[in-house]
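Coordinates as given in protein22.txt (compact mmCIF, C-alpha atoms):
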```txt
# COMPACT_ATOMS: atom_id res chain seq x y z
CA MET C 1019 103.77 91.48 101.74
CA LYS C 1020 103.91 93.49 104.94
CA LEU C 1021 102.08 92.07 107.95
CA PHE C 1022 100.20 94.37 110.27
CA PRO C 1023 98.93 92.76 113.49
CA ARG C 1024 96.09 95.23 113.88
CA LEU C 1025 94.93 94.44 110.36
CA LEU C 1026 95.08 90.70 110.97
CA ALA C 1027 93.16 91.12 114.19
CA ALA C 1028 90.39 92.82 112.28
CA THR C 1029 89.95 89.91 109.85
CA VAL C 1030 87.30 88.35 112.07
CA VAL C 1031 85.30 91.56 111.98
CA ALA C 1032 85.65 91.87 108.22
CA GLY C 1033 84.35 88.33 107.75
CA ALA C 1034 81.04 89.36 109.25
CA TRP C 1035 80.48 91.60 106.26
CA ALA C 1036 81.08 88.98 103.57
CA VAL C 1037 78.77 89.50 100.60
CA SER C 1038 77.14 86.88 98.43
CA ALA C 1039 75.82 87.51 94.94
CA GLN C 1040 72.30 86.67 96.17
CA ALA C 1041 72.24 89.20 98.99
CA ASP C 1042 69.65 91.96 98.97
CA ASN C 1043 71.46 93.88 101.70
CA ILE C 1044 75.12 94.50 100.93
CA LYS C 1045 77.67 96.00 103.29
CA LEU C 1046 81.04 97.26 102.08
CA ARG C 1047 83.86 98.74 104.12
CA ILE C 1048 85.47 101.75 102.42
CA ALA C 1049 88.46 103.53 103.91
CA SER C 1050 91.50 105.74 103.49
CA GLY C 1051 94.40 106.55 105.74
CA HIS C 1052 93.99 110.18 104.70
CA PRO C 1053 91.30 112.33 106.34
CA ALA C 1054 88.28 113.84 104.62
CA ALA C 1055 90.19 117.14 104.43
CA ASN C 1056 91.95 115.62 101.42
CA THR C 1057 90.04 116.40 98.23
CA TYR C 1058 89.89 112.81 97.01
CA VAL C 1059 88.72 111.49 100.38
CA ASN C 1060 86.07 114.18 100.48
CA LEU C 1061 84.91 112.93 97.08
CA MET C 1062 84.90 109.35 98.33
CA GLN C 1063 82.69 110.41 101.23
CA ASN C 1064 80.45 112.91 99.48
CA PHE C 1065 80.26 111.62 95.92
CA PHE C 1066 81.29 107.99 95.48
CA VAL C 1067 79.52 106.55 98.54
CA PRO C 1068 76.17 108.42 98.21
CA GLU C 1069 76.04 107.98 94.42
CA VAL C 1070 76.62 104.22 94.56
CA THR C 1071 74.11 103.93 97.40
CA LYS C 1072 71.48 105.97 95.53
CA ARG C 1073 71.91 104.23 92.17
CA VAL C 1074 71.89 100.73 93.64
CA ALA C 1075 68.61 101.54 95.42
CA ALA C 1076 67.08 103.08 92.30
CA LYS C 1077 68.24 100.61 89.64
CA THR C 1078 68.46 97.23 91.37
CA LYS C 1079 66.59 95.08 93.88
CA HIS C 1080 69.51 95.41 96.26
CA LYS C 1081 70.39 97.79 99.03
CA ILE C 1082 74.00 98.76 99.72
CA GLU C 1083 75.42 100.20 102.91
CA PHE C 1084 78.96 101.52 103.29
CA ILE C 1085 80.88 101.33 106.53
CA GLU C 1086 83.27 104.27 106.23
CA GLY C 1087 86.62 104.82 107.90
CA TYR C 1088 88.79 107.79 106.98
CA GLY C 1089 91.80 109.43 108.56
CA GLY C 1090 93.33 106.13 109.66
CA ALA C 1091 90.22 104.84 111.46
CA MET C 1092 90.51 101.49 109.64
CA VAL C 1093 93.85 101.60 107.81
CA LYS C 1094 96.85 103.89 107.90
CA VAL C 1095 98.16 105.63 104.77
CA ALA C 1096 100.89 103.07 104.17
CA ASP C 1097 98.71 100.06 104.98
CA THR C 1098 95.77 100.56 102.63
CA LEU C 1099 96.99 98.37 99.76
CA GLU C 1100 97.47 95.51 102.24
CA GLY C 1101 94.12 96.28 103.87
CA VAL C 1102 92.31 95.79 100.56
CA GLN C 1103 94.47 92.80 99.66
CA SER C 1104 93.67 90.97 102.90
CA GLY C 1105 89.98 91.87 102.84
CA ILE C 1106 90.12 93.91 106.03
CA ILE C 1107 88.51 96.65 103.98
CA ASP C 1108 86.68 96.20 100.68
CA ILE C 1109 87.48 99.50 98.97
CA GLY C 1110 90.50 101.67 99.66
CA GLY C 1111 91.73 105.06 98.50
CA TYR C 1112 95.46 105.61 98.81
CA CYS C 1113 98.61 107.14 97.40
CA PHE C 1114 100.90 104.84 95.47
CA CYS C 1115 103.72 106.98 96.89
CA PHE C 1116 103.57 104.86 100.03
CA GLU C 1117 104.18 101.67 98.04
CA PRO C 1118 107.55 102.32 96.34
CA SER C 1119 108.50 98.64 96.42
CA ASN C 1120 105.12 97.16 95.53
CA LEU C 1121 104.04 99.74 92.94
CA PRO C 1122 107.20 101.47 91.69
CA LEU C 1123 105.92 102.24 88.20
CA GLN C 1124 102.68 103.82 89.41
CA ALA C 1125 104.72 106.93 90.29
CA PHE C 1126 105.62 107.46 86.63
CA GLN C 1127 104.46 111.08 86.46
CA VAL C 1128 106.75 111.92 89.38
CA MET C 1129 109.65 110.69 87.23
CA LEU C 1130 108.85 113.47 84.75
CA PRO C 1131 108.73 116.63 86.89
CA PHE C 1132 107.40 119.92 85.57
CA GLY C 1133 104.52 118.23 83.80
CA THR C 1134 101.06 119.72 83.38
CA MET C 1135 99.68 121.66 86.35
CA ASP C 1136 96.14 120.97 85.11
CA PRO C 1137 94.61 118.09 87.16
CA GLU C 1138 92.03 117.35 84.44
CA LYS C 1139 94.81 116.83 81.92
CA SER C 1140 96.88 114.90 84.46
CA VAL C 1141 94.20 112.29 85.09
CA LYS C 1142 93.40 112.00 81.36
CA LEU C 1143 97.09 111.53 80.67
CA ALA C 1144 97.39 108.87 83.35
CA ARG C 1145 94.32 107.05 82.05
CA ALA C 1146 95.81 107.01 78.54
CA VAL C 1147 98.98 105.41 79.91
CA TYR C 1148 97.03 102.80 81.88
CA ASP C 1149 94.93 101.99 78.82
CA LYS C 1150 97.99 101.57 76.58
CA VAL C 1151 100.07 99.55 79.05
CA PRO C 1152 98.02 96.64 80.48
CA TYR C 1153 100.56 95.96 83.23
CA MET C 1154 99.58 99.20 84.96
CA SER C 1155 96.13 97.90 85.90
CA LYS C 1156 96.87 94.18 85.94
CA VAL C 1157 99.51 94.44 88.66
CA PHE C 1158 96.82 95.22 91.24
CA GLU C 1159 94.88 92.06 90.45
CA ASP C 1160 97.80 89.77 89.66
CA LYS C 1161 99.86 90.59 92.76
CA TYR C 1162 97.60 92.28 95.29
CA LYS C 1163 94.15 90.66 94.86
CA GLN C 1164 92.39 93.93 94.06
CA THR C 1165 90.92 95.70 91.08
CA LEU C 1166 91.70 99.29 90.18
CA LEU C 1167 88.43 101.20 90.08
CA ALA C 1168 89.67 104.76 89.54
CA LEU C 1169 92.74 106.90 89.23
CA ILE C 1170 92.92 109.99 91.41
CA ALA C 1171 94.50 113.30 90.43
CA ASP C 1172 96.22 115.62 92.87
CA ASN C 1173 96.34 119.36 92.54
CA GLY C 1174 99.51 120.98 91.24
CA TYR C 1175 102.60 120.49 93.40
CA ASN C 1176 104.59 123.50 94.61
CA ILE C 1177 106.60 124.18 97.75
CA GLY C 1178 105.44 125.65 101.04
CA THR C 1179 108.16 126.81 103.45
CA SER C 1180 108.84 128.67 106.66
CA PHE C 1181 111.34 130.87 104.80
CA GLU C 1182 111.28 132.84 101.57
CA TRP C 1183 113.30 131.64 98.58
CA LYS C 1184 113.77 132.93 95.04
CA THR C 1185 116.36 130.67 93.39
CA VAL C 1186 117.22 126.97 93.48
CA ALA C 1187 120.45 127.88 95.25
CA ASP C 1188 118.42 129.29 98.16
CA LEU C 1189 117.19 125.77 98.93
CA LYS C 1190 120.62 124.22 99.30
CA GLY C 1191 120.87 122.42 102.63
CA GLN C 1192 117.30 123.26 103.65
CA LYS C 1193 115.31 120.33 105.07
CA ILE C 1194 112.22 119.88 102.88
CA ALA C 1195 109.68 117.09 103.21
CA GLY C 1196 108.02 115.03 100.53
CA ALA C 1197 106.48 111.61 99.99
CA GLY C 1198 108.26 108.83 98.16
CA LEU C 1199 109.86 109.50 94.84
CA ASN C 1200 109.31 113.26 94.75
CA LEU C 1201 112.10 113.48 97.32
CA LYS C 1202 114.43 113.09 94.33
CA TRP C 1203 113.29 116.50 93.05
CA LEU C 1204 114.76 117.98 96.22
CA GLU C 1205 117.92 115.93 96.16
CA PHE C 1206 118.87 117.09 92.67
CA ALA C 1207 118.24 120.70 93.69
CA GLY C 1208 120.61 120.42 96.66
CA ALA C 1209 117.95 120.48 99.38
CA THR C 1210 117.91 117.89 102.16
CA PRO C 1211 114.91 115.60 101.50
CA VAL C 1212 112.89 114.24 104.43
CA GLN C 1213 110.29 111.49 104.02
CA SER C 1214 107.05 112.38 105.80
CA SER C 1215 103.26 112.26 105.61
CA LEU C 1216 100.61 114.94 105.95
CA VAL C 1217 99.42 113.69 109.31
CA ASP C 1218 102.85 114.54 110.75
CA ALA C 1219 103.40 117.77 108.81
CA TYR C 1220 102.17 120.42 111.23
CA THR C 1221 104.11 119.21 114.25
CA SER C 1222 107.23 118.51 112.21
CA MET C 1223 107.18 121.99 110.67
CA GLN C 1224 106.46 123.54 114.06
CA THR C 1225 109.37 121.76 115.76
CA GLY C 1226 111.84 122.23 112.92
CA VAL C 1227 112.14 118.61 111.83
CA TYR C 1228 111.93 120.19 108.38
CA ASN C 1229 111.29 123.66 107.03
CA GLY C 1230 109.02 123.03 104.07
CA TRP C 1231 106.98 120.58 102.06
CA ILE C 1232 106.44 119.71 98.41
CA MET C 1233 102.71 120.31 98.56
CA PHE C 1234 99.60 121.25 96.63
CA PRO C 1235 97.74 124.29 98.02
CA SER C 1236 94.81 122.33 99.44
CA GLY C 1237 97.20 120.48 101.76
CA TRP C 1238 98.69 123.77 102.96
CA ILE C 1239 95.19 125.04 103.78
CA ASN C 1240 93.41 121.95 105.07
CA PHE C 1241 96.21 120.97 107.44
CA LYS C 1242 96.75 124.61 108.52
CA LEU C 1243 100.37 124.48 107.48
CA TYR C 1244 100.17 128.21 106.75
CA GLU C 1245 100.41 128.71 110.52
CA VAL C 1246 103.92 127.23 110.56
CA GLY C 1247 104.95 127.99 106.98
CA LYS C 1248 104.20 131.54 105.86
CA PHE C 1249 105.51 131.16 102.29
CA TYR C 1250 103.98 129.24 99.40
CA THR C 1251 105.95 129.30 96.16
CA GLU C 1252 104.54 128.27 92.79
CA ILE C 1253 107.30 126.32 91.09
CA GLY C 1254 104.95 124.12 89.04
CA PHE C 1255 106.22 120.57 89.51
CA GLY C 1256 102.98 119.31 88.00
CA SER C 1257 99.70 117.73 88.93
CA ILE C 1258 100.48 114.10 89.69
CA THR C 1259 97.97 111.28 89.33
CA TRP C 1260 99.42 108.70 91.71
CA HIS C 1261 96.52 107.87 93.98
CA GLY C 1262 93.94 105.22 93.24
CA LEU C 1263 90.69 103.67 94.40
CA THR C 1264 90.74 99.87 94.49
CA ILE C 1265 88.36 97.09 95.50
CA ASN C 1266 89.14 93.61 96.76
CA THR C 1267 88.71 91.41 93.67
CA ALA C 1268 87.15 88.44 95.46
CA LYS C 1269 84.60 90.73 97.12
CA PHE C 1270 83.87 92.49 93.85
CA ASN C 1271 83.32 89.18 92.05
CA ARG C 1272 80.76 88.12 94.68
CA LEU C 1273 78.66 91.21 94.16
CA PRO C 1274 75.59 91.06 91.90
CA LYS C 1275 76.45 92.00 88.32
CA ASP C 1276 74.15 95.04 88.33
CA VAL C 1277 75.83 96.33 91.50
CA GLN C 1278 79.26 95.75 89.96
CA ALA C 1279 78.24 97.81 86.92
CA ILE C 1280 77.08 100.71 89.10
CA ILE C 1281 80.31 100.72 91.14
CA VAL C 1282 82.37 100.82 87.93
CA GLU C 1283 80.14 103.55 86.47
CA VAL C 1284 80.39 105.79 89.53
CA ALA C 1285 84.13 105.13 89.88
CA LYS C 1286 84.67 106.43 86.34
CA GLU C 1287 82.80 109.62 87.22
CA PHE C 1288 84.72 109.87 90.50
CA GLU C 1289 88.00 109.65 88.57
CA ALA C 1290 87.04 112.56 86.32
CA ARG C 1291 85.84 114.62 89.29
CA THR C 1292 89.20 114.34 91.04
CA GLY C 1293 90.59 116.30 88.11
CA THR C 1294 87.74 118.78 87.76
CA VAL C 1295 87.36 119.59 91.45
CA ASN C 1296 91.10 120.03 91.97
CA LYS C 1297 91.33 122.31 88.94
CA GLU C 1298 88.41 124.46 90.12
CA ASN C 1299 89.80 124.67 93.65
CA TYR C 1300 93.40 125.61 92.84
CA PRO C 1301 92.97 129.38 92.29
CA LYS C 1302 90.48 129.56 95.16
CA GLN C 1303 92.97 127.88 97.47
CA LEU C 1304 95.73 130.30 96.52
CA ASP C 1305 93.34 133.14 97.37
CA GLN C 1306 92.56 131.47 100.71
CA LEU C 1307 96.25 131.27 101.48
CA ARG C 1308 96.66 134.97 100.77
CA LYS C 1309 93.70 135.78 103.02
CA VAL C 1310 95.26 133.95 105.98
CA GLY C 1311 98.50 135.88 105.56
CA THR C 1312 100.56 133.50 103.45
CA LYS C 1313 102.95 135.12 100.99
CA VAL C 1314 102.24 133.41 97.66
CA ASN C 1315 105.07 133.82 95.16
CA ALA C 1316 105.55 132.56 91.62
CA VAL C 1317 109.12 131.97 90.48
CA PRO C 1318 110.16 133.04 86.96
CA ASP C 1319 110.51 130.45 84.19
CA SER C 1320 114.30 130.71 84.48
CA VAL C 1321 114.15 129.16 87.97
CA LYS C 1322 111.92 126.34 86.75
CA LEU C 1323 114.34 125.76 83.84
CA ASP C 1324 117.29 125.70 86.21
CA TRP C 1325 115.61 123.07 88.39
CA ALA C 1326 114.44 121.02 85.39
CA ASN C 1327 117.97 120.99 83.98
CA SER C 1328 119.27 119.53 87.23
CA LEU C 1329 116.84 116.64 86.72
CA LYS C 1330 117.16 116.13 82.98
CA GLY C 1331 119.08 112.84 83.20
CA TRP C 1332 116.92 111.35 85.92
CA PRO C 1333 113.96 110.06 83.80
CA GLN C 1334 116.29 107.91 81.69
CA GLN C 1335 118.00 106.67 84.84
CA LYS C 1336 114.63 105.66 86.35
CA ALA C 1337 113.46 104.06 83.09
CA ALA C 1338 116.58 101.90 82.89
CA GLU C 1339 116.25 100.95 86.54
CA LEU C 1340 112.65 99.84 86.06
CA ASP C 1341 113.43 98.02 82.83
CA LYS C 1342 116.04 95.95 84.69
CA GLN C 1343 113.31 94.90 87.12
CA GLY C 1344 111.29 93.55 84.21
CA LEU C 1345 108.86 96.46 84.27
CA PRO C 1346 107.85 98.54 81.22
CA GLY C 1347 109.57 101.66 82.53
CA SER C 1348 110.85 103.09 79.25
CA GLN C 1349 107.57 102.36 77.50
CA VAL C 1350 105.52 104.13 80.16
CA LEU C 1351 107.73 107.21 80.34
CA LYS C 1352 107.89 107.61 76.56
CA ILE C 1353 104.10 107.32 76.29
CA THR C 1354 103.70 109.86 79.11
CA LEU C 1355 105.93 112.41 77.38
CA GLU C 1356 104.03 111.99 74.12
CA GLU C 1357 100.55 112.01 75.65
CA ALA C 1358 101.35 115.16 77.65
CA GLU C 1359 102.36 116.92 74.44
CA LYS C 1360 99.15 115.76 72.74
CA LEU C 1361 97.32 117.54 75.56
CA GLY C 1362 99.26 120.72 74.82
CA HIS C 1363 101.95 120.57 77.47
CA LYS C 1364 105.40 122.03 76.78
CA TRP C 1365 108.19 120.59 78.91
CA PRO C 1366 110.74 123.16 80.15
CA VAL C 1367 113.32 120.48 79.36
CA ARG C 1368 112.31 117.74 76.92
CA TYR C 1369 113.47 114.63 78.74
CA ALA C 1370 115.05 111.95 76.56
CA VAL C 1371 114.01 108.36 77.27
CA LYS C 1372 115.36 105.60 75.00
```
File written out as structure tokens:
Amino acid sequence: MKLFPRLLAATVVAGAWAVSAQADNIKLRIASGHPAANTYVNLMQNFFVPEVTKRVAAKTKHKIEFIEGYGGAMVKVADTLEGVQSGIIDIGGYCFCFEPSNLPLQAFQVMLPFGTMDPEKSVKLARAVYDKVPYMSKVFEDKYKQTLLALIADNGYNIGTSFEWKTVADLKGQKIAGAGLNLKWLEFAGATPVQSSLVDAYTSMQTGVYNGWIMFPSGWINFKLYEVGKFYTEIGFGSITWHGLTINTAKFNRLPKDVQAIIVEVAKEFEARTGTVNKENYPKQLDQLRKVGTKVNAVPDSVKLDWANSLKGWPQQKAAELDKQGLPGSQVLKITLEEAEKLGHKWPVRYAVK
């Protein structure tokens, strides 16, 4: 486990908000390292928190108050799992991409690029995998003292750049940023991958640390990356469900049962909304990009096929690597391929996983 002095220093403060099952007035700290400009954080702030608050007041004798901290006010993007684990915060929303060592299998959809671009299907697909493979949910409780409340879909991933490109060969040697495992998509294509986070994106693009980002359109808009990257290219890597909303298990177990039930109920609705809202917003966001002067291009299927072919051996490689770690890598990837096809998805290259 990583130790973060600022988190440890906050333990005393967090203790003041301990909740007992008998309490009428409940306080919970909810946080994300990402700002409210992110769709899922916006839904935490404007759907999850008010809905839980309203339903607890209407259906129980209790009153619940959330202490909210977004955009790194309580935890940074890479510290949120530990923040929930230690009890510094009670509920955290975060990307599993920042936990490649702790949660390597939670990035399973990234290991199968060019999946569905539909966020509703992505989150349904991910939920099917979690339901069929108990390890996927149990790892949070067994190793990190937290309970997975909801999965969180992202919008479809494409590439925004400061230069125009039309073929995979055009990206060779270009410095392109990503987060975690999706850097491999770039490596196989011949680009130079750079690990980064959205909070650093604008300045890094502006100063030439890198020249593009693997990014969904909302990120390009909300972080004003269109000012430093005038080109947004639809390549269709897929909508990836690799964020989650978790709650400290000990804190959850101390809550009154009726409050627990409401949190679980609202979290399920929140999960579905991350898919629905992202799907509704995608075409609107592309239009917004066009309105601010971004050149939005869509590459032909031949380019997507070319890129997918460069990656065709990678899923099996990742599955074998995870299997050696004692994780159900092959099982998860095979289920993902099958469940995607049940939802109507056609892979440009049908990856083979033994």
From the set C:Ala1268, C:Ile1239, C:Leu1340, C:Leu1216, which residue has the shortest atom-to-atom contact distance to Glu1159 of chain C, counting only C-alpha atoms?
->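 Checking each candidate against Glu1159 of chain C, we get C:Ala1268 as the closest.
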Would you list the contacts of Gly1174 of chain C as a PyMOL selection string, taking every protein, DNA or RNA residue within 6 Å and counting all atoms listed in the file, but skipping same-chain residues closer than 3 positions in sequence?
-> chain C and resi 1135+1234+1256-1257
Neighbour list for segment 1300-1307 of chain C as a ChimeraX atom specification, cut-off 7 Å, all atoms listed in the file, skip fewer than 2 positions in-chain = /C:1173,1235-1236,1239,1296-1298,1309-1312
Near Leu1329 of chain C, within 8 Å and counting all atoms listed in the file, which residues show up once chain neighbours fewer than 3 positions away are dropped, as a PDB file with C-alpha atoms, in the coordinates of the input?
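Final output, selection-v7.pdb:
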```pdb
ATOM      1  CA  TRP C1203     113.290 116.500  93.050  1.00  0.00           C
ATOM      2  CA  PHE C1206     118.870 117.090  92.670  1.00  0.00           C
ATOM      3  CA  TRP C1325     115.610 123.070  88.390  1.00  0.00           C
ATOM      4  CA  ALA C1326     114.440 121.020  85.390  1.00  0.00           C
ATOM      5  CA  TRP C1332     116.920 111.350  85.920  1.00  0.00           C
ATOM      6  CA  PRO C1333     113.960 110.060  83.800  1.00  0.00           C
TER       7      PRO C1333
END
```
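Remark: for Leu1204 of chain C, the closest of the candidate residues C:Ala1187, C:Val1095, C:Val1350, C:Val1217 is C:Ala1187 (distances computed over all atoms listed in the file).
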List as a count of residues only: which residues have an atom within 10 Å of (113.7, 114.6, 102.2), counting only C-alpha atoms?
-> 24
